[in-house]
>>> print(open('input_33.csv').read())   # CSV, C-alpha atoms
chain,number,residue,atom,x,y,z
I,12,MET,CA,64.2,111.1,112.8
I,13,ALA,CA,66.3,108.4,114.3
I,14,THR,CA,63.1,106.7,115.6
I,15,ALA,CA,61.6,106.7,112.1
I,16,GLN,CA,64.8,105.2,110.6
I,17,ARG,CA,64.8,102.4,113.2
I,18,SER,CA,61.2,101.6,112.4
I,19,ARG,CA,61.9,101.4,108.7
I,20,SER,CA,64.9,99.2,109.4
I,21,ARG,CA,62.8,96.8,111.5
I,22,LYS,CA,60.3,96.6,108.7
I,23,ASN,CA,63.0,95.8,106.2
I,24,ASP,CA,64.5,93.2,108.5
I,25,ALA,CA,61.0,91.5,108.9
I,26,LYS,CA,60.6,91.4,105.1
I,27,ARG,CA,64.0,89.8,104.7
I,28,ARG,CA,63.1,87.1,107.3
I,29,ARG,CA,60.0,86.1,105.4
I,30,PRO,CA,60.4,82.8,103.4
I,31,ASP,CA,60.5,83.1,99.7
I,32,TYR,CA,57.2,82.5,97.8
I,33,VAL,CA,57.0,79.0,96.4
I,34,ALA,CA,54.4,78.5,93.7
I,35,PRO,CA,52.0,75.6,94.2
I,36,VAL,CA,52.8,72.5,92.1
I,37,LEU,CA,50.2,69.8,91.4
I,38,ASP,CA,51.2,66.3,92.2
I,39,PRO,CA,51.2,64.4,88.9
I,40,THR,CA,50.8,61.1,90.8
I,41,TRP,CA,47.6,62.1,92.6
I,42,GLN,CA,44.6,60.0,91.9
I,43,ASN,CA,41.0,60.9,92.9
I,44,PRO,CA,40.0,58.1,95.3
I,45,TYR,CA,36.4,58.4,94.0
I,46,THR,CA,37.3,57.9,90.4
I,47,PRO,CA,38.1,54.3,89.4
I,48,SER,CA,41.6,54.0,88.1
I,49,ALA,CA,42.7,52.0,85.0
I,50,ALA,CA,44.5,49.6,87.3
I,51,GLU,CA,41.3,49.0,89.4
I,52,ARG,CA,39.2,48.3,86.3
I,53,GLU,CA,41.9,46.0,84.9
I,54,THR,CA,42.0,44.1,88.2
I,55,HIS,CA,38.3,43.4,88.0
I,56,ALA,CA,38.4,42.6,84.3
I,57,LYS,CA,41.1,39.9,84.9
I,58,PHE,CA,39.6,38.4,88.0
I,59,PRO,CA,37.2,35.9,86.4
I,60,ARG,CA,39.9,34.3,84.4
I,61,GLN,CA,42.3,34.2,87.3
I,62,PHE,CA,39.6,32.8,89.5
I,63,ALA,CA,38.8,30.1,87.0
I,64,LEU,CA,42.4,29.1,86.6
I,65,ARG,CA,42.9,28.9,90.4
I,66,ARG,CA,39.8,26.6,90.6
I,67,MET,CA,41.2,24.4,87.8
I,68,ARG,CA,44.6,23.9,89.3
I,69,PRO,CA,44.0,20.2,90.5
I,70,VAL,CA,42.6,19.3,87.0
I,71,LEU,CA,45.5,21.1,85.2
I,72,ALA,CA,48.0,19.3,87.4
I,73,ALA,CA,46.4,15.9,86.6
I,74,MET,CA,46.5,16.9,82.9
I,75,VAL,CA,50.2,17.6,82.9
I,76,VAL,CA,51.0,14.4,84.8
I,77,TRP,CA,49.0,12.4,82.2
I,78,LEU,CA,50.7,14.0,79.3
I,79,VAL,CA,54.2,13.5,80.7
I,80,LEU,CA,53.4,9.9,81.4
I,81,ALA,CA,52.0,9.4,77.8
I,82,LEU,CA,55.1,11.0,76.3
I,83,GLY,CA,57.4,8.9,78.4
I,84,LEU,CA,55.7,5.7,77.2
I,85,ILE,CA,56.2,6.6,73.5
I,86,ALA,CA,59.4,4.5,73.5
I,87,LEU,CA,57.4,1.4,74.4
I,88,SER,CA,54.8,2.0,71.7
I,89,PRO,CA,54.2,4.6,69.0
I,90,LEU,CA,50.5,4.4,70.0
I,91,PHE,CA,51.2,6.5,73.0
I,92,ALA,CA,52.2,9.4,70.7
I,93,LEU,CA,48.6,9.4,69.4
I,94,VAL,CA,47.3,9.2,73.0
I,95,ALA,CA,49.4,12.2,74.0
I,96,VAL,CA,48.2,14.3,71.0
I,97,VAL,CA,44.5,13.4,71.6
I,98,SER,CA,44.8,14.0,75.3
I,99,ALA,CA,46.4,17.4,74.7
I,100,ALA,CA,43.6,18.4,72.4
I,101,VAL,CA,40.9,17.2,74.9
I,102,PHE,CA,42.6,19.1,77.7
I,103,ALA,CA,42.9,22.3,75.6
I,104,PHE,CA,39.2,22.1,74.7
I,105,TYR,CA,38.3,21.6,78.3
I,106,LEU,CA,40.4,24.5,79.5
I,107,ARG,CA,39.1,26.9,76.8
I,108,ARG,CA,35.4,25.9,77.5
I,109,THR,CA,35.8,26.3,81.2
I,110,LEU,CA,37.4,29.7,80.9
I,111,ALA,CA,34.7,30.9,78.5
I,112,HIS,CA,32.1,29.8,81.0
I,113,TYR,CA,33.5,32.0,83.7
I,114,VAL,CA,34.6,34.9,81.5
I,115,ALA,CA,31.6,35.1,79.1
I,116,GLY,CA,28.9,33.1,81.0
I,117,GLY,CA,27.1,36.2,82.2
I,118,GLU,CA,26.8,38.1,78.9
I,119,THR,CA,23.2,36.9,78.4
I,120,LEU,CA,22.1,37.3,82.0
I,121,GLY,CA,19.9,40.2,81.0
I,122,ALA,CA,17.8,38.1,78.8
I,123,THR,CA,17.6,35.3,81.4
I,124,MET,CA,16.5,37.8,84.0
I,125,LEU,CA,13.9,39.4,81.8
I,126,ALA,CA,12.2,36.0,81.5
I,127,ALA,CA,12.2,35.5,85.3
I,128,PHE,CA,10.1,38.6,86.0
I,129,SER,CA,6.7,39.9,85.1
I,130,PRO,CA,6.4,43.5,83.8
I,131,GLY,CA,5.4,46.0,86.4
I,132,GLY,CA,4.9,49.8,87.1
I,133,THR,CA,2.8,52.4,85.4
I,134,SER,CA,3.5,54.5,82.3
I,135,THR,CA,4.3,57.4,84.7
I,136,ASP,CA,6.8,55.2,86.6
I,137,ARG,CA,8.5,54.2,83.3
I,138,GLN,CA,8.8,57.8,82.1
I,139,ARG,CA,10.3,58.8,85.5
I,140,LEU,CA,12.8,56.0,85.3
I,141,VAL,CA,13.8,56.6,81.7
I,142,THR,CA,14.4,60.3,82.5
I,143,VAL,CA,16.7,59.4,85.4
I,144,VAL,CA,18.5,56.8,83.4
I,145,ASP,CA,19.0,59.2,80.4
I,146,ARG,CA,20.5,61.9,82.7
I,147,LEU,CA,22.7,59.6,84.7
I,148,THR,CA,24.0,57.6,81.8
I,149,ALA,CA,25.2,60.9,80.3
I,150,THR,CA,26.9,61.8,83.6
I,151,PHE,CA,28.7,58.4,83.8
I,152,GLY,CA,29.4,58.1,80.1
I,153,VAL,CA,27.5,54.9,79.7
I,154,THR,CA,25.5,54.0,76.6
I,155,GLY,CA,23.2,51.2,75.5
I,156,VAL,CA,21.1,50.8,78.7
I,157,SER,CA,17.6,49.4,78.4
I,158,ALA,CA,15.4,50.1,81.5
I,159,PHE,CA,12.7,47.7,82.8
I,160,ILE,CA,10.3,47.9,85.7
I,161,VAL,CA,9.5,44.5,87.1
I,162,ASP,CA,6.7,43.3,89.3
I,163,ASP,CA,7.8,42.6,92.9
I,164,SER,CA,6.9,43.8,96.4
I,165,ALA,CA,10.6,44.2,97.5
I,166,TYR,CA,13.0,47.1,97.0
I,167,ASN,CA,15.8,46.2,94.6
I,168,ALA,CA,17.4,46.9,91.3
I,169,THR,CA,20.2,45.6,89.1
I,170,LEU,CA,22.3,46.4,86.0
I,171,VAL,CA,23.5,43.4,84.0
I,172,GLN,CA,25.0,42.5,80.7
I,173,ASN,CA,22.7,41.6,77.8
I,174,GLY,CA,24.9,40.9,74.9
I,175,PRO,CA,26.6,44.1,73.8
I,176,SER,CA,24.1,46.2,75.8
I,177,LEU,CA,23.1,46.6,79.4
I,178,SER,CA,19.7,45.9,81.0
I,179,LEU,CA,18.5,47.8,84.1
I,180,PHE,CA,15.8,46.2,86.2
I,181,VAL,CA,14.0,48.1,89.0
I,182,THR,CA,11.1,46.7,91.0
I,183,ASN,CA,7.8,48.5,91.0
I,184,ALA,CA,7.8,48.7,94.8
I,185,LEU,CA,11.0,50.7,94.6
I,186,MET,CA,9.5,53.0,92.0
I,187,ALA,CA,6.4,53.6,94.1
I,188,ASP,CA,8.1,54.3,97.4
I,189,PHE,CA,11.4,55.9,96.7
I,190,GLU,CA,11.8,59.7,96.4
I,191,LEU,CA,13.5,61.0,93.2
I,192,ILE,CA,16.9,61.6,94.9
I,193,GLU,CA,16.7,58.0,96.3
I,194,LEU,CA,16.0,56.6,92.8
I,195,GLU,CA,18.8,58.6,91.4
I,196,GLY,CA,21.1,57.2,94.1
I,197,VAL,CA,20.1,53.6,93.2
I,198,VAL,CA,20.7,54.1,89.5
I,199,ALA,CA,23.9,55.9,90.1
I,200,HIS,CA,25.2,53.1,92.2
I,201,LEU,CA,24.5,50.6,89.5
I,202,LEU,CA,26.2,52.7,86.8
I,203,ALA,CA,29.1,53.1,89.2
I,204,ARG,CA,29.5,49.3,89.1
I,205,GLN,CA,29.8,49.6,85.3
I,206,ARG,CA,32.4,52.3,85.7
I,207,LEU,CA,34.4,50.2,88.1
I,208,GLY,CA,34.3,47.3,85.6
I,209,VAL,CA,32.8,44.8,88.0
I,210,LEU,CA,29.7,43.8,85.9
I,211,PRO,CA,31.5,40.8,84.2
I,212,ARG,CA,32.8,39.3,87.4
I,213,GLN,CA,29.4,39.7,89.1
I,214,SER,CA,27.5,38.3,86.2
I,215,ALA,CA,30.0,35.3,86.2
I,216,SER,CA,29.2,34.8,89.9
I,217,ALA,CA,25.5,34.6,89.0
I,218,THR,CA,26.0,31.9,86.3
I,219,ALA,CA,28.8,29.7,87.7
I,220,LYS,CA,28.0,26.7,89.9
I,221,LEU,CA,29.8,27.7,93.1
I,222,THR,CA,29.4,27.5,96.9
I,223,PRO,CA,28.1,30.7,98.5
I,224,GLN,CA,31.6,31.6,99.8
I,225,LEU,CA,33.2,31.2,96.3
I,226,ARG,CA,30.3,33.0,94.7
I,227,ARG,CA,30.9,36.0,96.9
I,228,GLU,CA,34.7,35.9,96.2
I,229,LEU,CA,34.1,35.9,92.5
I,230,ALA,CA,31.6,38.8,92.8
I,231,GLY,CA,33.9,40.8,94.9
I,232,VAL,CA,33.8,41.5,98.7
I,233,GLY,CA,33.2,45.1,99.4
I,234,VAL,CA,32.3,46.0,95.8
I,235,ALA,CA,28.8,47.4,96.7
I,236,TYR,CA,30.4,49.6,99.3
I,237,ARG,CA,33.0,50.9,96.8
I,238,ALA,CA,30.3,51.5,94.2
I,239,ASP,CA,28.4,53.7,96.7
I,240,GLU,CA,31.5,55.9,97.1
I,241,VAL,CA,31.9,56.3,93.3
I,242,ALA,CA,28.2,57.0,92.9
I,243,ALA,CA,27.9,59.5,95.7
I,244,ALA,CA,30.9,61.4,94.4
I,245,ALA,CA,29.4,61.5,90.9
I,246,ILE,CA,25.9,62.7,91.9
I,247,ARG,CA,27.3,64.9,94.8
I,248,TYR,CA,24.5,64.0,97.1
I,249,PRO,CA,25.3,61.0,99.3
I,250,LEU,CA,22.2,61.4,101.4
I,251,GLY,CA,19.9,60.4,98.5
I,252,LEU,CA,21.7,57.1,98.2
I,253,ALA,CA,21.9,56.7,101.9
I,254,GLY,CA,18.1,57.2,102.1
I,255,ALA,CA,17.6,54.4,99.5
I,256,LEU,CA,19.8,52.1,101.5
I,257,ARG,CA,17.9,52.9,104.7
I,258,LYS,CA,14.6,51.9,103.1
I,259,CYS,CA,16.2,48.6,101.9
I,260,ALA,CA,17.5,48.0,105.4
I,261,ARG,CA,14.1,48.5,107.0
I,262,GLN,CA,12.0,46.5,104.5
I,263,VAL,CA,10.6,43.0,105.3
I,264,VAL,CA,10.6,40.9,102.2
I,265,ALA,CA,7.5,38.7,101.6
I,266,ARG,CA,8.2,35.0,101.4
I,267,ASP,CA,6.7,34.9,97.9
I,268,SER,CA,9.0,37.6,96.6
I,269,PHE,CA,11.7,36.8,94.0
I,270,PHE,CA,14.1,38.1,96.6
I,271,CYS,CA,13.5,35.1,98.8
I,272,SER,CA,13.9,32.5,96.0
I,273,PRO,CA,16.8,30.2,95.0
I,274,ASN,CA,17.3,32.3,91.8
I,275,TYR,CA,18.0,35.3,93.9
I,276,ASP,CA,20.4,33.4,96.1
I,277,GLN,CA,22.4,32.6,93.0
I,278,TRP,CA,22.1,36.1,91.5
I,279,ARG,CA,22.3,38.1,94.6
I,280,TYR,CA,25.6,39.9,94.0
I,281,VAL,CA,24.4,41.6,90.8
I,282,PHE,CA,21.7,43.4,92.8
I,283,PHE,CA,21.7,46.8,94.6
I,284,ASP,CA,20.7,45.0,97.9
I,285,VAL,CA,22.8,41.8,98.0
I,286,ALA,CA,21.0,40.5,101.1
I,287,SER,CA,17.3,41.4,100.8
I,288,ASP,CA,16.4,38.0,102.3
I,289,ARG,CA,18.5,38.6,105.4
I,290,ASP,CA,16.4,38.7,108.6
I,291,ALA,CA,18.6,41.2,110.4
I,292,ASN,CA,21.3,43.6,109.3
I,293,ASP,CA,24.9,42.4,109.7
I,294,LEU,CA,27.2,45.3,110.6
I,295,SER,CA,30.3,43.0,110.1
I,296,ASP,CA,29.5,42.7,106.4
I,297,LEU,CA,30.8,45.7,104.4
I,298,ASP,CA,28.2,45.2,101.7
I,299,ASP,CA,25.2,45.2,104.1
I,300,VAL,CA,22.8,48.0,103.3
I,301,GLU,CA,22.8,49.3,106.9
I,302,ILE,CA,26.6,49.7,107.1
I,303,ARG,CA,26.6,51.3,103.7
I,304,ALA,CA,24.0,53.8,104.7
I,305,LEU,CA,26.0,54.7,107.9
I,306,ALA,CA,29.1,55.3,105.9
I,307,LEU,CA,27.4,57.7,103.5
I,308,GLU,CA,25.7,59.6,106.3
I,309,GLU,CA,29.1,60.4,107.8
I,310,TRP,CA,30.4,62.0,104.6
>>> encode(input="input_33.csv", output="structure tokens")
Amino acid sequence: MATAQRSRSRKNDAKRRRPDYVAPVLDPTWQNPYTPSAAERETHAKFPRQFALRRMRPVLAAMVVWLVLALGLIALSPLFALVAVVSAAVFAFYLRRTLAHYVAGGETLGATMLAAFSPGGTSTDRQRLVTVVDRLTATFGVTGVSAFIVDDSAYNATLVQNGPSLSLFVTNALMADFELIELEGVVAHLLARQRLGVLPRQSASATAKLTPQLRRELAGVGVAYRADEVAAAAIRYPLGLAGALRKCARQVVARDSFFCSPNYDQWRYVFFDVASDRDANDLSDLDDVEIRALALEEW
């Protein structure tokens, strides 16, 4: 009897020593790293304007000095008041026009790009592409996408603004050689760029007259890598996108391809493969297709 009482006592003591149950509480500040936040989208949206203003600082400083000088000389002659007013109007017009060029310059890139390519692909290819686009635009919540297959022997694709709509361009070589899951990965990557809000800044990089270094800064270093993450999480199959990147990394682009032309050099950052004309992969470049494929294969 005494043994049984001691056993029950030990059990009760063990129960009393257990920590009290604490119900799990969700962290209200947690943010899914694979879902673009409002702050991330806003940063991309503001960047073209900020970039333009930073580029214009020397001109703006000269404008301010000239206006201050003209206003200071009004005491000598009333004519300088007119000079100051006219100068201010000219400077305001210049500032507004330059900002508009950066912010809205890429809105018609889709129409310009359509004129640069010849139609390609078969009716079967087009039906296949439209089916993929219809399904993935629903997944990403994107509307107003027109899909085009263009004639080129290289693997590449892009999604660009075309007025209020979006134009998706895919080469017929990609349509012919990519498996369905790889094609889905490419389209998902491009729609992820739209979800990230980077299309305006990348379109601006394609239309502004800039050095290669400044063009890449405007387009966004590491944006392609980031879009891969968002796309892979959305379609839940990173290996499909990785396979598409592998094929891009292994291709040898013909010299007569659009993707070895000056136009491509200017537009490169709007494309899925931003360095199709690169002779060898550069693992120090976060946006290189080889390093992007390696990252997805480690998921």
>>> closest_residue(input="input_33.csv", among="I:Ala238, I:Ala100, I:Leu82, I:Cys271", to="Val198 of chain I", atoms="only C-alpha atoms")
I:Ala238
>>> closest_atom_pairs(input="input_33.csv", of="segment 129-185 of chain I", to="segment 288-293 of chain I", cutoff="12 Å", atoms="all atoms listed in the file", output="CSV")
residue,atom,partner,partner_atom,distance
I:Ala165,CA,I:Asp288,CA,9.8
I:Tyr166,CA,I:Asp288,CA,11.1
I:Asn167,CA,I:Asp288,CA,11.3
>>> residues_around(input="input_33.csv", residues="Ala168 of chain I", least_positions_apart="6", cutoff="12 Å", atoms="only C-alpha atoms", output="NGL selection string")
:I and (124 or 140 or 158-162 or 178-186 or 194-202 or 255-256 or 259 or 269-270 or 275 or 278-285 or 287)
>>> closest_residue(input="input_33.csv", among="I:Pro211, I:Lys220, I:Phe102, I:Ser88", to="Arg66 of chain I", atoms="all atoms listed in the file")
I:Lys220
>>> atom_distance(input="input_33.csv", atom1="atom CA of Arg212 of chain I", atom2="atom CA of Glu301 of chain I")
24.1 Å
>>> atom_distance(input="input_33.csv", atom1="atom CA of Arg137 of chain I", atom2="atom CA of Gly121 of chain I")
18.2 Å
>>> closest_residue(input="input_33.csv", among="I:Ala187, I:Gln205, I:Leu221, I:Ala122", to="Val153 of chain I", atoms="only C-alpha atoms")
I:Gln205
>>> closest_residue(input="input_33.csv", among="I:Val156, I:Ala103, I:Leu147, I:Leu90", to="Val70 of chain I", atoms="all atoms listed in the file")
I:Ala103
>>> closest_residue(input="input_33.csv", among="I:Val232, I:Val171, I:Leu84, I:Val264", to="Gly155 of chain I", atoms="all atoms listed in the file")
I:Val171
>>> residues_around(input="input_33.csv", residues="Arg247 of chain I", least_positions_apart="5", cutoff="12 Å", atoms="only C-alpha atoms", output="count of residues only")
13
>>> atom_distance(input="input_33.csv", atom1="atom CA of Leu170 of chain I", atom2="atom CA of Val209 of chain I")
10.8 Å
>>> residues_around(input="input_33.csv", residues="Gly208 of chain I", least_positions_apart="6", cutoff="7 Å", atoms="all atoms listed in the file", output="mmCIF file with C-alpha atoms, keeping the file's coordinate frame")
data_model
loop_
_atom_site.group_PDB
_atom_site.id
_atom_site.type_symbol
_atom_site.label_atom_id
_atom_site.label_comp_id
_atom_site.auth_asym_id
_atom_site.auth_seq_id
_atom_site.Cartn_x
_atom_site.Cartn_y
_atom_site.Cartn_z
ATOM 1 C CA ARG I 52 39.200 48.300 86.300
ATOM 2 C CA HIS I 55 38.300 43.400 88.000
ATOM 3 C CA ALA I 56 38.400 42.600 84.300
#
>>> closest_residue(input="input_33.csv", among="I:Arg237, I:Glu308, I:Asp136, I:Leu210", to="Pro44 of chain I", atoms="all atoms listed in the file")
I:Arg237
